[in-house]
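**Q** Structure: target_3.txt, compact mmCIF, C-alpha atoms.
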```
# COMPACT_ATOMS: atom_id res chain seq x y z
CA MET H 979 -41.16 3.33 -49.25
CA ARG H 980 -44.42 5.09 -49.98
CA SER H 981 -42.65 8.22 -51.27
CA ALA H 982 -40.49 6.16 -53.63
CA ARG H 983 -43.63 4.45 -54.93
CA ASN H 984 -45.33 7.80 -55.50
CA VAL H 985 -42.31 9.12 -57.40
CA ALA H 986 -42.25 5.98 -59.55
CA VAL H 987 -45.96 6.32 -60.34
CA THR H 988 -45.52 10.00 -61.22
CA VAL H 989 -42.60 9.26 -63.55
CA ALA H 990 -44.55 6.42 -65.17
CA ILE H 991 -47.56 8.66 -65.82
CA PHE H 992 -45.31 11.38 -67.27
CA ALA H 993 -43.51 8.92 -69.53
CA GLY H 994 -46.80 7.38 -70.64
CA SER H 995 -48.21 10.80 -71.51
CA LEU H 996 -45.16 11.65 -73.61
CA GLY H 997 -45.36 8.29 -75.36
CA ALA H 998 -49.05 8.77 -76.15
CA TRP H 999 -48.33 12.29 -77.44
CA GLU H 1000 -45.56 10.99 -79.71
CA ALA H 1001 -47.71 8.13 -81.00
CA ILE H 1002 -50.72 10.34 -81.77
CA VAL H 1003 -48.64 12.91 -83.66
CA ARG H 1004 -46.93 10.25 -85.77
CA ALA H 1005 -50.07 8.15 -86.32
CA PHE H 1006 -52.15 11.07 -87.62
CA ALA H 1007 -49.20 12.74 -89.40
CA ILE H 1008 -49.80 16.09 -87.69
CA PRO H 1009 -47.55 18.80 -89.18
CA LEU H 1010 -44.72 20.12 -87.02
CA PHE H 1011 -45.96 23.72 -87.22
CA ILE H 1012 -49.24 22.65 -85.57
CA LEU H 1013 -48.16 20.16 -82.90
CA PRO H 1014 -44.58 18.87 -82.76
CA PRO H 1015 -43.84 15.51 -81.14
CA PRO H 1016 -41.94 15.39 -77.84
CA SER H 1017 -38.82 14.17 -79.64
CA GLN H 1018 -38.65 17.38 -81.69
CA VAL H 1019 -39.27 19.47 -78.57
CA ALA H 1020 -36.45 17.66 -76.78
CA LEU H 1021 -34.17 18.22 -79.77
CA ALA H 1022 -34.96 21.94 -79.84
CA LEU H 1023 -34.37 22.14 -76.09
CA TRP H 1024 -31.01 20.40 -76.44
CA ARG H 1025 -29.89 22.70 -79.25
CA GLY H 1026 -30.88 25.81 -77.33
CA LEU H 1027 -29.12 24.70 -74.16
CA VAL H 1028 -25.93 23.59 -75.95
CA SER H 1029 -25.69 26.82 -77.92
CA GLY H 1030 -26.16 28.87 -74.73
CA VAL H 1031 -29.03 30.92 -76.16
CA TYR H 1032 -31.59 29.64 -73.66
CA VAL H 1033 -29.27 30.12 -70.70
CA GLN H 1034 -28.53 33.73 -71.64
CA HIS H 1035 -32.16 34.70 -72.13
CA LEU H 1036 -33.23 32.72 -69.06
CA GLY H 1037 -30.82 34.66 -66.86
CA TYR H 1038 -32.24 37.97 -68.08
CA THR H 1039 -35.82 36.82 -67.45
CA LEU H 1040 -34.90 35.60 -63.96
CA VAL H 1041 -33.37 38.97 -63.08
CA GLU H 1042 -36.54 40.74 -64.23
CA THR H 1043 -38.73 38.33 -62.29
CA LEU H 1044 -36.81 38.51 -59.02
CA LEU H 1045 -36.46 42.29 -59.09
CA GLY H 1046 -40.13 42.69 -59.94
CA PHE H 1047 -41.06 40.26 -57.19
CA ILE H 1048 -39.00 42.17 -54.60
CA VAL H 1049 -40.36 45.58 -55.63
CA GLY H 1050 -43.94 44.33 -55.87
CA SER H 1051 -43.72 42.51 -52.53
CA LEU H 1052 -42.39 45.57 -50.73
CA LEU H 1053 -45.06 47.74 -52.31
CA GLY H 1054 -47.80 45.25 -51.42
CA PHE H 1055 -46.55 44.85 -47.84
CA PHE H 1056 -46.37 48.56 -47.06
CA LEU H 1057 -49.64 49.42 -48.80
CA GLY H 1058 -51.40 46.47 -47.17
CA THR H 1059 -50.09 47.48 -43.75
CA ALA H 1060 -51.18 51.08 -44.26
CA VAL H 1061 -54.66 50.07 -45.42
CA ALA H 1062 -55.11 47.55 -42.60
CA MET H 1063 -53.92 49.84 -39.82
CA ASN H 1064 -55.46 53.13 -40.91
CA ARG H 1065 -59.14 53.58 -41.77
CA TRP H 1066 -58.50 56.86 -43.58
CA VAL H 1067 -55.98 55.25 -45.89
CA GLU H 1068 -58.43 52.43 -46.57
CA PHE H 1069 -61.24 54.84 -47.32
CA PHE H 1070 -59.30 57.12 -49.66
CA LEU H 1071 -56.64 54.85 -51.20
CA TYR H 1072 -57.99 51.30 -51.40
CA PRO H 1073 -60.71 52.00 -54.04
CA TYR H 1074 -58.06 53.43 -56.37
CA ILE H 1075 -55.88 50.36 -55.81
CA VAL H 1076 -58.76 48.07 -56.74
CA MET H 1077 -59.56 50.17 -59.80
CA PHE H 1078 -55.94 50.03 -60.92
CA GLN H 1079 -55.78 46.29 -60.36
CA SER H 1080 -58.89 45.86 -62.53
CA LEU H 1081 -57.00 47.23 -65.52
CA PRO H 1082 -55.53 44.48 -67.74
CA LYS H 1083 -51.76 44.54 -67.47
CA VAL H 1084 -51.49 43.42 -71.08
CA ALA H 1085 -52.99 46.79 -72.04
CA LEU H 1086 -50.68 48.69 -69.66
CA ALA H 1087 -47.51 46.92 -70.81
CA PRO H 1088 -47.19 48.90 -74.10
CA LEU H 1089 -47.51 52.18 -72.19
CA ILE H 1090 -44.91 51.09 -69.67
CA VAL H 1091 -42.53 50.16 -72.48
CA VAL H 1092 -43.09 53.55 -74.13
CA TRP H 1093 -42.49 55.40 -70.86
CA PHE H 1094 -39.49 53.43 -69.60
CA GLY H 1095 -37.97 51.97 -72.77
CA LEU H 1096 -37.08 48.47 -73.90
CA GLY H 1097 -34.57 47.82 -71.13
CA LEU H 1098 -34.75 46.22 -67.74
CA THR H 1099 -36.74 48.98 -66.02
CA SER H 1100 -39.98 48.48 -67.93
CA LYS H 1101 -39.93 44.72 -67.33
CA VAL H 1102 -39.34 45.12 -63.60
CA ILE H 1103 -42.13 47.69 -63.29
CA ASN H 1104 -44.61 45.50 -65.16
CA ALA H 1105 -43.70 42.45 -63.08
CA ALA H 1106 -44.01 44.47 -59.86
CA LEU H 1107 -47.43 45.84 -60.84
CA VAL H 1108 -48.70 42.32 -61.48
CA ALA H 1109 -47.18 40.86 -58.29
CA PHE H 1110 -48.02 43.43 -55.62
CA PHE H 1111 -51.80 42.90 -55.31
CA PRO H 1112 -51.83 39.31 -53.92
CA LEU H 1113 -49.48 40.27 -51.11
CA LEU H 1114 -51.43 43.48 -50.44
CA VAL H 1115 -54.71 41.60 -49.96
CA ASN H 1116 -53.14 38.83 -47.89
CA THR H 1117 -51.33 41.35 -45.69
CA MET H 1118 -54.58 43.19 -45.04
CA VAL H 1119 -56.46 40.02 -44.17
CA GLY H 1120 -53.64 38.69 -42.00
CA LEU H 1121 -53.18 41.86 -39.97
CA ARG H 1122 -56.91 42.11 -39.38
CA SER H 1123 -57.29 38.47 -38.42
CA ALA H 1124 -55.71 38.90 -34.99
CA ALA H 1125 -58.25 38.16 -32.27
CA ALA H 1126 -59.70 41.26 -30.64
CA ASP H 1127 -59.45 39.79 -27.15
CA ARG H 1128 -55.71 39.21 -27.55
CA CYS H 1129 -55.21 42.79 -28.68
CA SER H 1130 -57.22 43.99 -25.69
CA LEU H 1131 -55.10 41.89 -23.32
CA MET H 1132 -51.90 43.40 -24.68
CA ARG H 1133 -53.13 46.96 -24.39
CA SER H 1134 -51.81 48.70 -21.31
CA PRO H 1135 -50.45 52.15 -20.47
CA ALA H 1136 -46.91 50.83 -20.96
CA THR H 1137 -47.57 48.98 -24.26
CA ARG H 1138 -47.25 50.85 -27.51
CA ALA H 1139 -49.29 50.20 -30.63
CA GLY H 1140 -46.12 49.27 -32.51
CA ALA H 1141 -45.33 46.55 -29.98
CA ILE H 1142 -48.80 45.03 -30.46
CA SER H 1143 -48.33 45.02 -34.21
CA TRP H 1144 -44.85 43.52 -33.99
CA MET H 1145 -45.57 40.88 -31.34
CA LEU H 1146 -49.14 39.90 -32.22
CA ARG H 1147 -50.44 41.11 -35.56
CA LEU H 1148 -47.35 40.40 -37.66
CA PRO H 1149 -46.81 36.78 -36.48
CA ASN H 1150 -50.52 36.16 -36.95
CA ALA H 1151 -50.32 37.56 -40.49
CA LEU H 1152 -47.28 35.54 -41.56
CA PRO H 1153 -49.23 32.54 -42.97
CA PHE H 1154 -51.34 34.88 -45.10
CA MET H 1155 -48.29 36.82 -46.25
CA MET H 1156 -46.39 33.69 -47.24
CA ALA H 1157 -49.39 32.56 -49.27
CA GLY H 1158 -49.40 35.96 -50.95
CA LEU H 1159 -45.68 35.66 -51.71
CA ASP H 1160 -46.27 32.27 -53.28
CA VAL H 1161 -48.80 33.75 -55.71
CA ALA H 1162 -46.79 36.94 -56.24
CA MET H 1163 -43.71 35.02 -57.40
CA ILE H 1164 -45.62 33.30 -60.21
CA PHE H 1165 -47.35 36.56 -61.13
CA ALA H 1166 -43.99 38.32 -61.34
CA LEU H 1167 -42.78 35.73 -63.85
CA ILE H 1168 -45.95 36.18 -65.90
CA GLY H 1169 -45.61 39.97 -65.78
CA ALA H 1170 -42.02 39.82 -66.99
CA ILE H 1171 -42.92 37.52 -69.89
CA VAL H 1172 -45.85 39.75 -70.90
CA ALA H 1173 -43.57 42.81 -70.93
CA GLU H 1174 -41.07 40.92 -73.08
CA PHE H 1175 -43.85 40.05 -75.50
CA VAL H 1176 -44.60 43.74 -76.01
CA GLY H 1177 -41.04 44.85 -76.57
CA ALA H 1178 -37.67 43.62 -75.38
CA GLN H 1179 -34.10 43.09 -76.50
CA ARG H 1180 -33.50 39.93 -74.46
CA GLY H 1181 -35.49 37.38 -72.47
CA LEU H 1182 -37.48 34.22 -72.99
CA GLY H 1183 -40.59 36.17 -73.96
CA MET H 1184 -38.72 37.90 -76.78
CA LEU H 1185 -37.34 34.51 -77.81
CA ILE H 1186 -40.87 33.07 -78.01
CA GLN H 1187 -41.96 35.99 -80.16
CA SER H 1188 -39.07 35.53 -82.59
CA MET H 1189 -39.79 31.78 -82.81
CA ASN H 1190 -43.43 32.56 -83.50
CA PHE H 1191 -42.45 34.73 -86.45
CA ASN H 1192 -40.22 31.91 -87.77
CA MET H 1193 -42.93 29.25 -87.22
CA ASP H 1194 -40.58 27.35 -84.90
CA VAL H 1195 -43.26 25.64 -82.82
CA SER H 1196 -40.84 23.08 -81.39
CA GLY H 1197 -38.67 25.87 -80.06
CA GLN H 1198 -41.70 27.58 -78.52
CA PHE H 1199 -42.68 24.37 -76.73
CA SER H 1200 -39.13 24.01 -75.43
CA VAL H 1201 -39.13 27.56 -74.04
CA LEU H 1202 -42.54 26.98 -72.46
CA LEU H 1203 -41.13 23.84 -70.86
CA ILE H 1204 -38.27 25.88 -69.41
CA LEU H 1205 -40.72 28.46 -68.06
CA SER H 1206 -42.81 25.77 -66.39
CA PHE H 1207 -39.75 24.33 -64.63
CA VAL H 1208 -38.63 27.82 -63.61
CA GLY H 1209 -42.04 28.52 -62.10
CA LEU H 1210 -41.87 25.23 -60.20
CA LEU H 1211 -38.39 26.01 -58.84
CA LEU H 1212 -39.44 29.51 -57.77
CA ASN H 1213 -42.48 28.04 -56.02
CA ARG H 1214 -40.29 25.50 -54.19
CA GLY H 1215 -37.98 28.32 -53.15
CA ILE H 1216 -40.86 30.21 -51.53
CA MET H 1217 -41.96 27.02 -49.78
CA LEU H 1218 -38.44 26.53 -48.43
CA ILE H 1219 -38.39 30.09 -47.10
CA ARG H 1220 -41.78 29.50 -45.50
CA ARG H 1221 -40.49 26.44 -43.67
CA ARG H 1222 -37.49 28.40 -42.41
CA VAL H 1223 -39.48 31.43 -41.30
CA MET H 1224 -42.59 29.68 -39.98
CA PHE H 1225 -40.89 26.78 -38.24
CA TRP H 1226 -43.67 26.68 -35.64
CA ASP H 1227 -46.46 26.23 -38.19
CA PRO H 1228 -48.04 22.75 -37.81
CA SER H 1229 -48.86 22.36 -41.50
CA PRO H 1230 -50.40 19.14 -42.81
CA ARG H 1231 -47.22 18.39 -44.75
CA SER H 1232 -45.09 18.55 -41.61
CA ARG H 1233 -47.57 16.36 -39.80
CA ARG H 1234 -47.36 13.79 -42.56
CA SER H 1235 -43.57 13.79 -42.39
CA ARG H 1236 -43.57 12.93 -38.70
CA PRO H 1237 -43.47 9.25 -37.79
CA ARG H 1238 -46.77 7.91 -36.64
CA PRO H 1239 -46.84 6.74 -33.05
CA ARG H 1240 -47.25 3.05 -32.62
CA ARG H 1241 -50.45 1.85 -31.11
CA ARG H 1242 -50.03 0.12 -27.84
CA ARG H 1243 -51.75 -3.14 -27.45
CA PRO H 1244 -54.21 -3.30 -24.61
CA PRO H 1245 -53.10 -5.43 -21.68
CA PRO H 1246 -54.54 -8.94 -21.64
CA ALA H 1247 -57.69 -9.39 -19.70
CA VAL H 1248 -57.25 -10.95 -16.28
CA THR H 1249 -59.39 -13.98 -15.72
CA TRP H 1250 -60.02 -15.50 -12.38
```
Would you write the structure of this file as C-alpha cells?

**A**
Amino acid sequence: MRSARNVAVTVAIFAGSLGAWEAIVRAFAIPLFILPPPSQVALALWRGLVSGVYVQHLGYTLVETLLGFIVGSLLGFFLGTAVAMNRWVEFFLYPYIVMFQSLPKVALAPLIVVWFGLGLTSKVINAALVAFFPLLVNTMVGLRSAAADRCSLMRSPATRAGAISWMLRLPNALPFMMAGLDVAMIFALIGAIVAEFVGAQRGLGMLIQSMNFNMDVSGQFSVLLILSFVGLLLNRGIMLIRRRVMFWDPSPRSRRSRPRPRRRRPPPAVTW
C-alpha cells in the first residue's frame, strides 16, 4: 500500500513538472531552438523511435558502453589487487595511475580517436579509461579493510596466502567492489558518449552532434532522455547483480522489505 502510494506521488510530481514546463514555454513564447516544450520533445522521440534511427544508434552506444565497462572493470580489479597486495607495486605504479587519472579524458579522446580510428575500438578504450579508476580505488580499500586479527587467525603453516585472500579478503571487499562497479557503469556510458562527440560514425553522441549542427534542440532533448533512461536501467542491472552475488548482505533496503514483527501485548496485570 505504501509503495503504491509512493509510486503515485512520484508520477504526479513528474506529470506536474512536465505540465509546468509546457505552460512556461508557451506562456513566455520561448523559441524552440532555446527551450522546446515537452510535447515537441515527445514528438521528436516518437519520430526517432518509429524510424528506427534511435534504436540503431542506441545499440551501438550500448555495445561500446558494455565492452568499455568490462575492459575497465577487469583492468581496475587486477590493478587494484596488485596495488593492495604488493607494497612495491603501490610505491612504483600507483602515483602514475593517479597522475593519469588526473588528465581530463575530454582532452585524451581526440588522441585516442587519432590512434585507433573512428570505429568501435577508440570508443571502448575511452570508456574503459574512464571506468577503471572507481573500481581500482574500491578494490584497494576493500582488500585492505579486512581485520588484521582475522588475517592473523587464518595464518598457519598449512594456510597459503592465496587462501586467505580468497576466503577472507575478497568476500570482505565485495561491497566496495560492487559500489565501484555501480559508478564504473555510469562512467563507461559517459566515456563512450564523449568519444562519440569527438569523432564517430554511429552512436547517440554522434547523433547529438549532428542535431546540434542542425539546431534540432527537440531531438537533442529526446536523445538525452534516452540516455538518462539507459543509465537508470544499467544502474538497476548492477543492483540486481549485487543482490544475486551478495545475498548475505543485510542492506537497509532488504531490511525494509522484510515484514515487521508484530508487537506482543504485555499480559494483563494480576490483581489480588

**Q** I'd like the interatomic distance between atom CA of Tyr1032 of chain H and atom CA of Val1091 of chain H, to a tenth of an Å.

**A**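 These two atoms are separated by 23.3 Å.
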
**Q** List as a JSON list (two decimals) with C-alpha atoms, keeping the file's coordinate frame the protein and nucleic acid residues near segment 981-997 of chain H, meaning an atom at most 10 Å away when all atoms listed in the file are counted, but skip any in the same chain fewer than 6 places from it.

**A**
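Everything below was put into out_27.json:
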```
[["chain", "number", "residue", "atom", "x", "y", "z"],
["H", 1015, "PRO", "CA", -43.84, 15.51, -81.14],
["H", 1016, "PRO", "CA", -41.94, 15.39, -77.84],
["H", 1017, "SER", "CA", -38.82, 14.17, -79.64]]
```

**Q** Between atom CA of Arg1025 of chain H and atom CA of Ser1206 of chain H, what distance in Å does the model show, to one decimal?

**A** 18.5 Å

**Q** Of the residues H:Ala1109, H:Val1084, H:Leu1040, H:Val1119, which is the one nearest to Leu1182 of chain H, using all atoms listed in the file?

**A**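 Result for the nearest residue to Leu1182 of chain H: H:Leu1040.
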
**Q** Would you pick out the contacts of segment 1115-1118 of chain H at 8 Å or less, using all atoms listed in the file, so that residues sharing its chain but fewer than 3 positions from it are not included, and give the list as a list in words?

**A**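 The neighbour list is Gly1054, Phe1055, Gly1058, Thr1059, Val1061, Ala1062, Phe1111, Pro1112, Leu1121, Arg1122, Ala1151, Phe1154, Met1155, Ala1157 and Gly1158 of chain H.
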
**Q** Between H:Gly1050, H:Gly1030, H:Gly1097, H:Pro1014, which has the minimum distance to Ala1173 of chain H (counting all atoms listed in the file)?

**A**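 Checking each candidate against Ala1173 of chain H, we get H:Gly1097 as the closest.
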
**Q** State, in Å with one decimal place, the distance from atom CA of Gln1079 of chain H to atom CA of Phe1110 of chain H.

**A**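 About the pair atom CA of Gln1079 of chain H and atom CA of Phe1110 of chain H: they are 9.5 Å apart.
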
**Q** Which is closest to Leu1098 of chain H among H:Leu1045, H:Val1076, H:Leu1052, H:Ala1085, if we use only C-alpha atoms?

**A**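 Of the candidates, the smallest distance to Leu1098 of chain H is held by H:Leu1045.
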
**Q** Skip segment 1217-1222 of chain H itself and residues of its chain fewer than 6 positions away, then list as a list in words all residues within 10 Å of it, counting all atoms listed in the file.

**A**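 Residues near the query, excluding close chain neighbours: Leu1152, Pro1153, Met1155, Met1156, Ala1157, Leu1159, Asp1160, Leu1211, Ser1229 and Ser1232 of chain H.
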
**Q** List the neighbours of segment 1178-1181 of chain H out to 8 Å using all atoms listed in the file; skip same-chain residues closer than 4 positions along the sequence, and give me the result as a list in words.

**A**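 The residues that qualify are Gln1034, His1035, Leu1036, Gly1037, Tyr1038, Thr1039, Leu1096, Gly1097, Ile1171, Ala1173, Glu1174 and Leu1185 of chain H.
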
**Q** Once 5 Å is added on each side, what centre and edge lengths in Å to one decimal does the axis-aligned box around all listed atoms of segment 991-1009 of chain H have, as AutoDock Vina command-line options?

**A**
```
--center_x -47.8 --center_y 13.1 --center_z -77.6 --size_x 18.6 --size_y 21.4 --size_z 33.6
```
